[in-house]
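Structure file entry-v5.cif; described as mmCIF, N, CA and C atoms.
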```cif
data_work
loop_
_atom_site.label_atom_id
_atom_site.label_comp_id
_atom_site.auth_asym_id
_atom_site.auth_seq_id
_atom_site.Cartn_x
_atom_site.Cartn_y
_atom_site.Cartn_z
N MET A 993 70.02 -16.53 -26.43
CA MET A 993 70.74 -15.52 -27.17
C MET A 993 69.77 -14.40 -27.55
N LYS A 994 70.17 -13.16 -27.32
CA LYS A 994 69.30 -12.03 -27.61
C LYS A 994 69.04 -11.89 -29.11
N LYS A 995 67.91 -11.25 -29.43
CA LYS A 995 67.52 -11.09 -30.83
C LYS A 995 68.56 -10.38 -31.67
N GLU A 996 69.22 -9.39 -31.11
CA GLU A 996 70.20 -8.63 -31.88
C GLU A 996 71.43 -9.46 -32.26
N TYR A 997 71.62 -10.62 -31.62
CA TYR A 997 72.75 -11.49 -31.92
C TYR A 997 72.41 -12.63 -32.88
N ARG A 998 71.19 -12.63 -33.43
CA ARG A 998 70.76 -13.77 -34.24
C ARG A 998 70.56 -13.39 -35.71
N LEU A 999 70.86 -14.33 -36.58
CA LEU A 999 70.50 -14.25 -37.99
C LEU A 999 69.33 -15.21 -38.17
N LYS A 1000 68.23 -14.75 -38.74
CA LYS A 1000 67.07 -15.60 -38.90
C LYS A 1000 66.57 -15.66 -40.35
N LYS A 1001 66.59 -14.54 -41.03
CA LYS A 1001 65.97 -14.45 -42.36
C LYS A 1001 66.83 -15.12 -43.43
N ASN A 1002 66.16 -15.72 -44.40
CA ASN A 1002 66.83 -16.42 -45.49
C ASN A 1002 67.76 -15.48 -46.25
N ARG A 1003 67.32 -14.24 -46.50
CA ARG A 1003 68.17 -13.33 -47.28
C ARG A 1003 69.43 -12.96 -46.51
N GLU A 1004 69.38 -12.91 -45.17
CA GLU A 1004 70.58 -12.66 -44.36
C GLU A 1004 71.55 -13.84 -44.48
N PHE A 1005 71.02 -15.06 -44.43
CA PHE A 1005 71.85 -16.25 -44.61
C PHE A 1005 72.48 -16.25 -46.00
N GLN A 1006 71.69 -15.97 -47.02
CA GLN A 1006 72.19 -15.99 -48.40
C GLN A 1006 73.29 -14.96 -48.61
N GLU A 1007 73.13 -13.80 -48.00
CA GLU A 1007 74.15 -12.75 -48.13
C GLU A 1007 75.48 -13.21 -47.54
N VAL A 1008 75.42 -13.86 -46.37
CA VAL A 1008 76.65 -14.36 -45.73
C VAL A 1008 77.25 -15.49 -46.57
N PHE A 1009 76.42 -16.39 -47.08
CA PHE A 1009 76.93 -17.48 -47.92
C PHE A 1009 77.59 -16.95 -49.19
N ASN A 1010 76.97 -15.97 -49.83
CA ASN A 1010 77.46 -15.48 -51.12
C ASN A 1010 78.66 -14.54 -51.00
N LYS A 1011 78.67 -13.69 -49.99
CA LYS A 1011 79.71 -12.67 -49.88
C LYS A 1011 80.76 -12.98 -48.82
N GLY A 1012 80.46 -13.92 -47.93
CA GLY A 1012 81.38 -14.21 -46.83
C GLY A 1012 82.46 -15.20 -47.21
N THR A 1013 83.41 -15.38 -46.29
CA THR A 1013 84.46 -16.38 -46.48
C THR A 1013 84.21 -17.53 -45.52
N SER A 1014 84.61 -18.73 -45.92
CA SER A 1014 84.34 -19.90 -45.10
C SER A 1014 85.63 -20.51 -44.57
N PHE A 1015 85.50 -21.10 -43.38
CA PHE A 1015 86.59 -21.80 -42.72
C PHE A 1015 85.98 -23.05 -42.12
N ALA A 1016 86.76 -24.15 -42.12
CA ALA A 1016 86.16 -25.40 -41.67
C ALA A 1016 87.17 -26.28 -40.94
N ASN A 1017 86.62 -27.16 -40.12
CA ASN A 1017 87.35 -28.30 -39.59
C ASN A 1017 86.44 -29.50 -39.79
N ARG A 1018 86.72 -30.61 -39.16
CA ARG A 1018 85.91 -31.81 -39.40
C ARG A 1018 84.48 -31.69 -38.88
N GLN A 1019 84.26 -30.89 -37.84
CA GLN A 1019 82.95 -30.84 -37.21
C GLN A 1019 82.09 -29.64 -37.63
N TYR A 1020 82.72 -28.51 -37.97
CA TYR A 1020 81.96 -27.29 -38.24
C TYR A 1020 82.51 -26.53 -39.44
N VAL A 1021 81.61 -25.83 -40.12
CA VAL A 1021 81.98 -24.86 -41.14
C VAL A 1021 81.50 -23.52 -40.63
N VAL A 1022 82.36 -22.51 -40.71
CA VAL A 1022 82.01 -21.16 -40.26
C VAL A 1022 82.13 -20.21 -41.45
N TYR A 1023 81.05 -19.50 -41.74
CA TYR A 1023 81.07 -18.44 -42.73
C TYR A 1023 81.14 -17.12 -41.98
N VAL A 1024 82.01 -16.22 -42.43
CA VAL A 1024 82.19 -14.91 -41.78
C VAL A 1024 82.00 -13.82 -42.82
N LEU A 1025 81.16 -12.85 -42.49
CA LEU A 1025 80.95 -11.69 -43.35
C LEU A 1025 81.11 -10.43 -42.52
N PRO A 1026 82.15 -9.61 -42.80
CA PRO A 1026 82.32 -8.37 -42.06
C PRO A 1026 81.19 -7.38 -42.33
N LYS A 1027 80.68 -6.78 -41.29
CA LYS A 1027 79.63 -5.76 -41.37
C LYS A 1027 80.06 -4.61 -40.46
N LYS A 1028 80.78 -3.66 -41.00
CA LYS A 1028 81.38 -2.60 -40.19
C LYS A 1028 80.34 -1.69 -39.54
N GLU A 1029 79.13 -1.62 -40.11
CA GLU A 1029 78.09 -0.74 -39.53
C GLU A 1029 77.46 -1.33 -38.27
N GLN A 1030 77.72 -2.62 -37.99
CA GLN A 1030 77.18 -3.27 -36.79
C GLN A 1030 78.15 -3.10 -35.63
N ASP A 1031 77.60 -2.93 -34.43
CA ASP A 1031 78.47 -2.88 -33.26
C ASP A 1031 78.41 -4.16 -32.44
N VAL A 1032 77.69 -5.18 -32.95
CA VAL A 1032 77.63 -6.50 -32.32
C VAL A 1032 77.85 -7.55 -33.40
N PHE A 1033 78.12 -8.78 -32.98
CA PHE A 1033 78.18 -9.87 -33.95
C PHE A 1033 76.83 -10.57 -33.97
N ARG A 1034 76.52 -11.21 -35.10
CA ARG A 1034 75.27 -11.98 -35.21
C ARG A 1034 75.63 -13.39 -35.66
N VAL A 1035 74.87 -14.36 -35.15
CA VAL A 1035 75.15 -15.76 -35.42
C VAL A 1035 73.91 -16.43 -36.00
N GLY A 1036 74.11 -17.20 -37.06
CA GLY A 1036 73.07 -18.05 -37.63
C GLY A 1036 73.53 -19.49 -37.52
N LEU A 1037 72.61 -20.39 -37.21
CA LEU A 1037 72.95 -21.80 -37.04
C LEU A 1037 72.25 -22.64 -38.09
N SER A 1038 72.97 -23.63 -38.60
CA SER A 1038 72.39 -24.56 -39.56
C SER A 1038 72.80 -25.97 -39.17
N VAL A 1039 71.80 -26.77 -38.78
CA VAL A 1039 72.05 -28.16 -38.40
C VAL A 1039 71.07 -29.02 -39.20
N SER A 1040 71.59 -29.77 -40.13
CA SER A 1040 70.79 -30.54 -41.07
C SER A 1040 70.11 -31.75 -40.41
N LYS A 1041 69.03 -32.19 -41.02
CA LYS A 1041 68.35 -33.40 -40.54
C LYS A 1041 69.21 -34.65 -40.72
N LYS A 1042 70.22 -34.57 -41.59
CA LYS A 1042 71.12 -35.70 -41.79
C LYS A 1042 71.94 -36.00 -40.53
N ILE A 1043 72.07 -35.02 -39.66
CA ILE A 1043 72.89 -35.17 -38.46
C ILE A 1043 72.20 -36.00 -37.40
N GLY A 1044 70.89 -35.91 -37.33
CA GLY A 1044 70.17 -36.69 -36.33
C GLY A 1044 68.76 -36.20 -36.16
N LYS A 1045 68.09 -36.77 -35.20
CA LYS A 1045 66.70 -36.38 -34.92
C LYS A 1045 66.68 -35.04 -34.19
N ALA A 1046 65.50 -34.53 -33.93
CA ALA A 1046 65.33 -33.18 -33.39
C ALA A 1046 66.08 -32.98 -32.07
N VAL A 1047 66.06 -33.98 -31.21
CA VAL A 1047 66.73 -33.85 -29.92
C VAL A 1047 68.22 -33.59 -30.11
N THR A 1048 68.84 -34.35 -31.00
CA THR A 1048 70.27 -34.20 -31.27
C THR A 1048 70.57 -32.84 -31.89
N ARG A 1049 69.76 -32.45 -32.87
CA ARG A 1049 69.98 -31.16 -33.54
C ARG A 1049 69.84 -30.00 -32.57
N ASN A 1050 68.82 -30.04 -31.72
CA ASN A 1050 68.61 -28.97 -30.75
C ASN A 1050 69.74 -28.92 -29.72
N GLN A 1051 70.25 -30.08 -29.34
CA GLN A 1051 71.37 -30.12 -28.39
C GLN A 1051 72.61 -29.46 -29.00
N ILE A 1052 72.89 -29.76 -30.26
CA ILE A 1052 74.03 -29.15 -30.94
C ILE A 1052 73.87 -27.63 -30.98
N LYS A 1053 72.66 -27.17 -31.29
CA LYS A 1053 72.42 -25.72 -31.35
C LYS A 1053 72.57 -25.07 -29.98
N ARG A 1054 72.11 -25.74 -28.95
CA ARG A 1054 72.29 -25.21 -27.59
C ARG A 1054 73.77 -25.09 -27.24
N TYR A 1055 74.55 -26.12 -27.58
CA TYR A 1055 75.98 -26.09 -27.32
C TYR A 1055 76.65 -24.92 -28.05
N ILE A 1056 76.31 -24.73 -29.31
CA ILE A 1056 76.92 -23.65 -30.09
C ILE A 1056 76.56 -22.29 -29.50
N ARG A 1057 75.29 -22.11 -29.15
CA ARG A 1057 74.87 -20.83 -28.54
C ARG A 1057 75.61 -20.57 -27.24
N GLN A 1058 75.79 -21.62 -26.43
CA GLN A 1058 76.48 -21.47 -25.15
C GLN A 1058 77.95 -21.12 -25.37
N VAL A 1059 78.58 -21.71 -26.37
CA VAL A 1059 79.97 -21.38 -26.68
C VAL A 1059 80.08 -19.91 -27.04
N PHE A 1060 79.18 -19.41 -27.89
CA PHE A 1060 79.23 -18.01 -28.28
C PHE A 1060 78.93 -17.09 -27.08
N LEU A 1061 78.08 -17.53 -26.19
CA LEU A 1061 77.80 -16.76 -24.99
C LEU A 1061 79.06 -16.64 -24.13
N GLU A 1062 79.79 -17.75 -23.99
CA GLU A 1062 81.01 -17.74 -23.18
C GLU A 1062 82.15 -16.96 -23.85
N LEU A 1063 82.15 -16.94 -25.19
CA LEU A 1063 83.24 -16.29 -25.93
C LEU A 1063 82.86 -14.90 -26.45
N LYS A 1064 81.74 -14.35 -26.00
CA LYS A 1064 81.24 -13.11 -26.62
C LYS A 1064 82.21 -11.94 -26.49
N ASP A 1065 83.05 -11.92 -25.47
CA ASP A 1065 84.03 -10.84 -25.34
C ASP A 1065 85.25 -11.05 -26.23
N GLU A 1066 85.46 -12.28 -26.68
CA GLU A 1066 86.63 -12.61 -27.50
C GLU A 1066 86.31 -12.65 -28.98
N VAL A 1067 85.05 -12.82 -29.35
CA VAL A 1067 84.67 -12.89 -30.76
C VAL A 1067 84.60 -11.47 -31.31
N GLU A 1068 85.18 -11.28 -32.49
CA GLU A 1068 85.21 -9.96 -33.12
C GLU A 1068 83.81 -9.44 -33.38
N LYS A 1069 83.58 -8.20 -32.98
CA LYS A 1069 82.28 -7.56 -33.22
C LYS A 1069 82.21 -7.09 -34.66
N GLY A 1070 81.03 -6.78 -35.14
CA GLY A 1070 80.86 -6.24 -36.48
C GLY A 1070 80.94 -7.29 -37.57
N ASN A 1071 80.67 -8.55 -37.25
CA ASN A 1071 80.66 -9.63 -38.23
C ASN A 1071 79.37 -10.41 -38.12
N ASP A 1072 78.96 -11.01 -39.23
CA ASP A 1072 77.90 -12.01 -39.22
C ASP A 1072 78.56 -13.37 -39.37
N TYR A 1073 78.12 -14.33 -38.56
CA TYR A 1073 78.67 -15.69 -38.60
C TYR A 1073 77.55 -16.68 -38.87
N ILE A 1074 77.84 -17.67 -39.71
CA ILE A 1074 76.94 -18.81 -39.86
C ILE A 1074 77.75 -20.04 -39.50
N ILE A 1075 77.20 -20.83 -38.59
CA ILE A 1075 77.85 -22.06 -38.15
C ILE A 1075 77.05 -23.22 -38.73
N ILE A 1076 77.72 -24.06 -39.50
CA ILE A 1076 77.08 -25.26 -40.06
C ILE A 1076 77.71 -26.47 -39.38
N ALA A 1077 76.88 -27.27 -38.75
CA ALA A 1077 77.36 -28.47 -38.07
C ALA A 1077 77.47 -29.62 -39.07
N ARG A 1078 78.54 -30.37 -38.96
CA ARG A 1078 78.73 -31.57 -39.77
C ARG A 1078 78.42 -32.79 -38.92
N LYS A 1079 78.37 -33.94 -39.56
CA LYS A 1079 77.97 -35.19 -38.91
C LYS A 1079 78.72 -35.51 -37.61
N PRO A 1080 80.06 -35.36 -37.54
CA PRO A 1080 80.76 -35.71 -36.29
C PRO A 1080 80.34 -34.86 -35.08
N ALA A 1081 79.72 -33.71 -35.30
CA ALA A 1081 79.30 -32.85 -34.19
C ALA A 1081 78.24 -33.52 -33.33
N ALA A 1082 77.52 -34.49 -33.88
CA ALA A 1082 76.45 -35.16 -33.15
C ALA A 1082 76.99 -36.00 -31.98
N ASP A 1083 78.23 -36.44 -32.08
CA ASP A 1083 78.80 -37.32 -31.05
C ASP A 1083 79.64 -36.57 -30.03
N MET A 1084 79.62 -35.24 -30.07
CA MET A 1084 80.48 -34.45 -29.19
C MET A 1084 79.74 -33.93 -27.97
N ASN A 1085 80.47 -33.84 -26.84
CA ASN A 1085 79.89 -33.19 -25.66
C ASN A 1085 80.18 -31.69 -25.74
N PHE A 1086 79.77 -30.94 -24.71
CA PHE A 1086 79.92 -29.49 -24.76
C PHE A 1086 81.38 -29.06 -24.84
N HIS A 1087 82.25 -29.68 -24.05
CA HIS A 1087 83.65 -29.26 -24.01
C HIS A 1087 84.36 -29.54 -25.34
N GLU A 1088 84.02 -30.65 -25.98
CA GLU A 1088 84.58 -30.95 -27.29
C GLU A 1088 84.06 -29.96 -28.33
N THR A 1089 82.78 -29.60 -28.22
CA THR A 1089 82.19 -28.62 -29.13
C THR A 1089 82.89 -27.28 -28.97
N LYS A 1090 83.10 -26.86 -27.74
CA LYS A 1090 83.77 -25.58 -27.49
C LYS A 1090 85.18 -25.58 -28.07
N LYS A 1091 85.92 -26.66 -27.84
CA LYS A 1091 87.29 -26.75 -28.34
C LYS A 1091 87.31 -26.70 -29.87
N SER A 1092 86.39 -27.40 -30.50
CA SER A 1092 86.32 -27.42 -31.96
C SER A 1092 85.94 -26.06 -32.53
N LEU A 1093 84.99 -25.38 -31.92
CA LEU A 1093 84.59 -24.06 -32.39
C LEU A 1093 85.70 -23.03 -32.17
N ILE A 1094 86.41 -23.12 -31.05
CA ILE A 1094 87.54 -22.22 -30.82
C ILE A 1094 88.59 -22.44 -31.91
N HIS A 1095 88.81 -23.69 -32.27
CA HIS A 1095 89.79 -24.01 -33.31
C HIS A 1095 89.40 -23.38 -34.64
N VAL A 1096 88.17 -23.57 -35.06
CA VAL A 1096 87.75 -23.06 -36.38
C VAL A 1096 87.64 -21.53 -36.36
N LEU A 1097 87.24 -20.94 -35.24
CA LEU A 1097 87.19 -19.48 -35.15
C LEU A 1097 88.60 -18.88 -35.12
N SER A 1098 89.54 -19.59 -34.52
CA SER A 1098 90.93 -19.13 -34.54
C SER A 1098 91.50 -19.18 -35.95
N ARG A 1099 91.15 -20.21 -36.69
CA ARG A 1099 91.60 -20.31 -38.08
C ARG A 1099 91.06 -19.16 -38.92
N SER A 1100 89.86 -18.70 -38.59
CA SER A 1100 89.27 -17.60 -39.35
C SER A 1100 89.75 -16.23 -38.85
N LYS A 1101 90.60 -16.23 -37.82
CA LYS A 1101 91.20 -15.01 -37.26
C LYS A 1101 90.17 -14.00 -36.76
N VAL A 1102 89.10 -14.49 -36.16
CA VAL A 1102 88.08 -13.60 -35.59
C VAL A 1102 87.99 -13.74 -34.08
N LEU A 1103 88.92 -14.49 -33.51
CA LEU A 1103 88.90 -14.74 -32.07
C LEU A 1103 90.08 -14.03 -31.42
N LYS A 1104 89.77 -13.15 -30.48
CA LYS A 1104 90.82 -12.45 -29.74
C LYS A 1104 91.05 -13.22 -28.44
N ARG A 1105 92.03 -14.09 -28.43
CA ARG A 1105 92.29 -14.93 -27.25
C ARG A 1105 93.06 -14.14 -26.22
N LYS A 1106 92.61 -14.24 -24.98
CA LYS A 1106 93.32 -13.62 -23.87
C LYS A 1106 94.47 -14.52 -23.48
N LYS A 1107 95.59 -13.92 -23.10
CA LYS A 1107 96.74 -14.71 -22.69
C LYS A 1107 96.54 -15.23 -21.27
N ASN A 1108 96.82 -16.51 -21.09
CA ASN A 1108 96.75 -17.11 -19.75
C ASN A 1108 98.04 -16.81 -19.00
N ALA A 1109 97.98 -16.88 -17.69
CA ALA A 1109 99.18 -16.67 -16.87
C ALA A 1109 100.24 -17.73 -17.18
N ASN A 1110 99.79 -18.94 -17.57
CA ASN A 1110 100.72 -20.03 -17.87
C ASN A 1110 101.46 -19.81 -19.17
N THR A 1111 100.85 -19.13 -20.15
CA THR A 1111 101.48 -18.98 -21.45
C THR A 1111 102.40 -17.78 -21.52
N GLU A 1112 102.41 -16.91 -20.50
CA GLU A 1112 103.24 -15.72 -20.53
C GLU A 1112 104.64 -15.95 -19.98
N LYS A 1113 105.01 -17.15 -19.64
CA LYS A 1113 106.33 -17.44 -19.04
C LYS A 1113 107.43 -17.28 -20.05
#
```
Once you've parsed the file, please lay out its structure as structure tokens.
Amino acid sequence: MKKEYRLKKNREFQEVFNKGTSFANRQYVVYVLPKKEQDVFRVGLSVSKKIGKAVTRNQIKRYIRQVFLELKDEVEKGNDYIIIARKPAADMNFHETKKSLIHVLSRSKVLKRKKNANTEK
């Protein structure tokens, strides 16, 4: 993920936590903070040591980054996002992770889903 798409600094995380709104499902919590002056979205990841060892945590982060890479045209620009993984995320494969993140992003109304040919009937 390119530098312009990442949240790294503690004060950036704190701003999103304090001023943003949160949405959750069983596997992930998503904080969203609108930033109208930005023309891209930025993502911060938080995966606690309670979830597993380093290999597991890094795998979860790779999955989340890949999901955002695949959904970058559908995710609303001009927002900061923080994704917090919960314990059940450790047992998920990539496709389950993608489905779960699409669900929680849809609940937060920041996902512009394209209509499939099958759903337009």
Find the residue from A:Tyr1073, A:Phe1005, A:Tyr1020, A:Phe1015 that sits nearest to Leu1093 (chain A); use only C-alpha atoms when measuring.
-> A:Tyr1020
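Coordinates place atom N of His1095 (chain A) at a distance of 17.2 Å from CA of Arg1054 (chain A).
Of the residues under consideration (A:Lys1011, A:Lys1041, A:Arg1018, A:Arg1034), A:Arg1034 shows the shortest atom-to-atom contact distance to Leu999 (chain A) when counting all atoms listed in the file.
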Which of A:Ile1094, A:Ala1077, A:Val1102, A:Ala1016 sits closest to Val1059 (chain A) [using only C-alpha atoms] = A:Ile1094
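Proximity ranking of A:Lys1064, A:Val1008, A:Ile1056, A:Arg1099 relative to Val1039 (chain A) places A:Ile1056 first, based on only C-alpha atoms.
For the pair atom C of Lys1028 (chain A) and atom C of Lys1053 (chain A), the separation is 26.4 Å.
Once the PyMOL selection byres (((chain A and resi 1040 and name CA) around 10) and name CA) is applied to the shown structure, the selection contains Leu1037, Ser1038, Val1039, Lys1041, Lys1042, Ile1043, Gly1044, Lys1045, Ala1046, Arg1049, Ile1076, Ala1077, Arg1078 and Lys1079 of chain A.
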For region 1011-1030 of chain A, take all atoms listed in the file, fit an axis-aligned box around them, add 3 Å to each of the six sides, then output centre and edge lengths in Å rounded to one decimal, as JSON.
```
{"center_x": 82.3, "center_y": -16.3, "center_z": -42.8, "size_x": 16.2, "size_y": 37.1, "size_z": 20.4}
```
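Pairwise distance (atom N of Asn1050 (chain A), atom C of Glu1007 (chain A)) equals 24.0 Å.
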Pull out every residue that the PyMOL selection byres ((chain A and resi 1026) around 8) matches in the shown coordinates and put them as a PDB file with N, CA and C atoms, in the frame of the given file.
```
ATOM      1  N   VAL A1008      75.420 -13.860 -46.370  1.00  0.00           N
ATOM      2  CA  VAL A1008      76.650 -14.360 -45.730  1.00  0.00           C
ATOM      3  C   VAL A1008      77.250 -15.490 -46.570  1.00  0.00           C
ATOM      4  N   LYS A1011      78.670 -13.690 -49.990  1.00  0.00           N
ATOM      5  CA  LYS A1011      79.710 -12.670 -49.880  1.00  0.00           C
ATOM      6  C   LYS A1011      80.760 -12.980 -48.820  1.00  0.00           C
ATOM      7  N   GLY A1012      80.460 -13.920 -47.930  1.00  0.00           N
ATOM      8  CA  GLY A1012      81.380 -14.210 -46.830  1.00  0.00           C
ATOM      9  C   GLY A1012      82.460 -15.200 -47.210  1.00  0.00           C
ATOM     10  N   THR A1013      83.410 -15.380 -46.290  1.00  0.00           N
ATOM     11  CA  THR A1013      84.460 -16.380 -46.480  1.00  0.00           C
ATOM     12  C   THR A1013      84.210 -17.530 -45.520  1.00  0.00           C
ATOM     13  N   TYR A1023      81.050 -19.500 -41.740  1.00  0.00           N
ATOM     14  CA  TYR A1023      81.070 -18.440 -42.730  1.00  0.00           C
ATOM     15  C   TYR A1023      81.140 -17.120 -41.980  1.00  0.00           C
ATOM     16  N   VAL A1024      82.010 -16.220 -42.430  1.00  0.00           N
ATOM     17  CA  VAL A1024      82.190 -14.910 -41.780  1.00  0.00           C
ATOM     18  C   VAL A1024      82.000 -13.820 -42.820  1.00  0.00           C
ATOM     19  N   LEU A1025      81.160 -12.850 -42.490  1.00  0.00           N
ATOM     20  CA  LEU A1025      80.950 -11.690 -43.350  1.00  0.00           C
ATOM     21  C   LEU A1025      81.110 -10.430 -42.520  1.00  0.00           C
ATOM     22  N   LYS A1027      80.680  -6.780 -41.290  1.00  0.00           N
ATOM     23  CA  LYS A1027      79.630  -5.760 -41.370  1.00  0.00           C
ATOM     24  C   LYS A1027      80.060  -4.610 -40.460  1.00  0.00           C
ATOM     25  N   LYS A1028      80.780  -3.660 -41.000  1.00  0.00           N
ATOM     26  CA  LYS A1028      81.380  -2.600 -40.190  1.00  0.00           C
ATOM     27  C   LYS A1028      80.340  -1.690 -39.540  1.00  0.00           C
ATOM     28  N   GLU A1029      79.130  -1.620 -40.110  1.00  0.00           N
ATOM     29  CA  GLU A1029      78.090  -0.740 -39.530  1.00  0.00           C
ATOM     30  C   GLU A1029      77.460  -1.330 -38.270  1.00  0.00           C
ATOM     31  N   GLN A1030      77.720  -2.620 -37.990  1.00  0.00           N
ATOM     32  CA  GLN A1030      77.180  -3.270 -36.790  1.00  0.00           C
ATOM     33  C   GLN A1030      78.150  -3.100 -35.630  1.00  0.00           C
ATOM     34  N   LYS A1069      83.580  -8.200 -32.980  1.00  0.00           N
ATOM     35  CA  LYS A1069      82.280  -7.560 -33.220  1.00  0.00           C
ATOM     36  C   LYS A1069      82.210  -7.090 -34.660  1.00  0.00           C
ATOM     37  N   GLY A1070      81.030  -6.780 -35.140  1.00  0.00           N
ATOM     38  CA  GLY A1070      80.860  -6.240 -36.480  1.00  0.00           C
ATOM     39  C   GLY A1070      80.940  -7.290 -37.570  1.00  0.00           C
ATOM     40  N   ASN A1071      80.670  -8.550 -37.250  1.00  0.00           N
ATOM     41  CA  ASN A1071      80.660  -9.630 -38.230  1.00  0.00           C
ATOM     42  C   ASN A1071      79.370 -10.410 -38.120  1.00  0.00           C
ATOM     43  N   ASP A1072      78.960 -11.010 -39.230  1.00  0.00           N
ATOM     44  CA  ASP A1072      77.900 -12.010 -39.220  1.00  0.00           C
ATOM     45  C   ASP A1072      78.560 -13.370 -39.370  1.00  0.00           C
ATOM     46  N   TYR A1073      78.120 -14.330 -38.560  1.00  0.00           N
ATOM     47  CA  TYR A1073      78.670 -15.690 -38.600  1.00  0.00           C
ATOM     48  C   TYR A1073      77.550 -16.680 -38.870  1.00  0.00           C
TER      49      TYR A1073
END
```
Could you name the residues that touch Lys995 (chain A) at 12 Å or less, counting only C-alpha atoms, but leaving out those on the same chain fewer than 3 positions away, as JSON, numbers by chain?
-> {"A": [998, 999, 1000, 1032, 1033, 1034, 1035, 1036]}
Could you pull out the residues in chain A that DSSP calls strand (DSSP E) from the backbone, as a PyMOL selection string?
-> chain A and resi 1013-1016+1020-1026+1034-1038+1071-1077
